[in-house]
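Contents: one structure, followed by commentary.
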Amino acid sequence: MKKNELIKKFQKKALALRNAKKTQRYLRVVGKLKRAKLIDAPGVPDYGGPVELNDVLWAGKIEPRILEVLPTLIVTRPKYLRVYQTPEDLKTVTDQIRAGKATTHFRGVAPKDYCKWLPENALGSSVLKTIRMRPEEIQMIRNLKSKLGVRSDSDVIRKGLELLNTATMKKS
């Protein structure tokens, strides 16, 4: 290929990329991830509604950072996405994350790169435990949830257990 042909080819690809980044499909995906504080995208407005998984996968071809945070998003915040059918490679990766054994690359993204977006306590699976509580105890958990800035009642209980365990270990 001649130099001029090569330059025209790259200019055509750059123009197509620029146009793709202006589409509503791309802006919704990036706006949603920006609102979730998973990526930084100056000039892109936040988007509040859920986005389709197919749109996220499409936008990931344009912006690789999207594919880096997608497995984490599906595991930790599934309501952000509309998922009608999960591709097999994504299902494998999310199952491994839930089991705490992520070893498979996801569309060119290494496990260490997509696992770094997980919250500290998200690795490994949890077990359902049902306990009975009085209404005032439930209200205490709700109050602590907002004060501690955690996402779930379980996170409040986990933090309380950690503190209790630390205090008990110091006494021993």
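Just so we're on the same page: first chain in the structure tokens is A, next is B, and so on; residues restart at 1 for each chain, and ligands are numbered from 1 in the order they show up.
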Practice item. Give me the residues within 9 Å of Val156 in chain A as a list in words, counting only C-alpha atoms and dropping any in the same chain fewer than 4 places off. Key: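 Selected residues are Ile141, Arg142, Leu144, Lys145, Leu148, Val150, Arg151, Ser152, Gly160 and Leu161 of chain A.
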Practice item. Run DSSP on the backbone and grab whatever in chain A lands in strand (DSSP E or B); send it over as a list in words. Key: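 Here are the strand (DSSP E or B) residues of chain A: Val51, Glu52, Leu81, Arg82, Phe106 and Val109 of chain A.
With only C-alpha atoms as the atoms that count, the minimum distance from Cys115 in chain A to the choices A:Met140, A:Leu6, A:Val30, A:Val75 is reached by A:Val75.
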Review point. Which residues, written as number ranges by chain, have at least one atom at most 10 Å from Gln85 in chain A, with only C-alpha atoms counted and residues fewer than 6 positions away on the same chain left out?
Key: A: 53-54, 91
Exercise for review: Rank A:Arg107, A:Arg65, A:Arg132, A:Arg18 by their smallest atom-to-atom distance to Leu33 in chain A, using only C-alpha atoms, and report the top residue only.
Suggested key: A:Arg65
Review point. Residues at most 12 Å from Gln24 in chain A, counting only C-alpha atoms, excluding those fewer than 6 positions away in the same chain, as a list in words?
Key: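 The residues that qualify are Val30, Gly31, Lys32, Val44, Pro45, Tyr47, Val51, Asp55 and Ala59 of chain A.
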Check your understanding: What lies within 9 Å of Leu90 in chain A using only C-alpha atoms, ignoring chain neighbours under 2 positions off, as a ChimeraX atom specification?
Key -> /A:70-71,86-88,92-95,106-107
Check your understanding: Between CA of Gly108 in chain A and CA of Glu68 in chain A, what is the distance, to one decimal in Å?
Key ->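 That distance, rounded to one decimal, is 9.1 Å.
A straight line drawn from CA of Tyr114 in chain A to CA of Thr72 in chain A is 6.7 Å long.
Within 12 Å of Ile131 in chain A, once only C-alpha atoms are used and residues closer than 4 positions along the same chain are dropped, the contacting residues are Glu137, Ile138, Ser154 and Ile157 of chain A.
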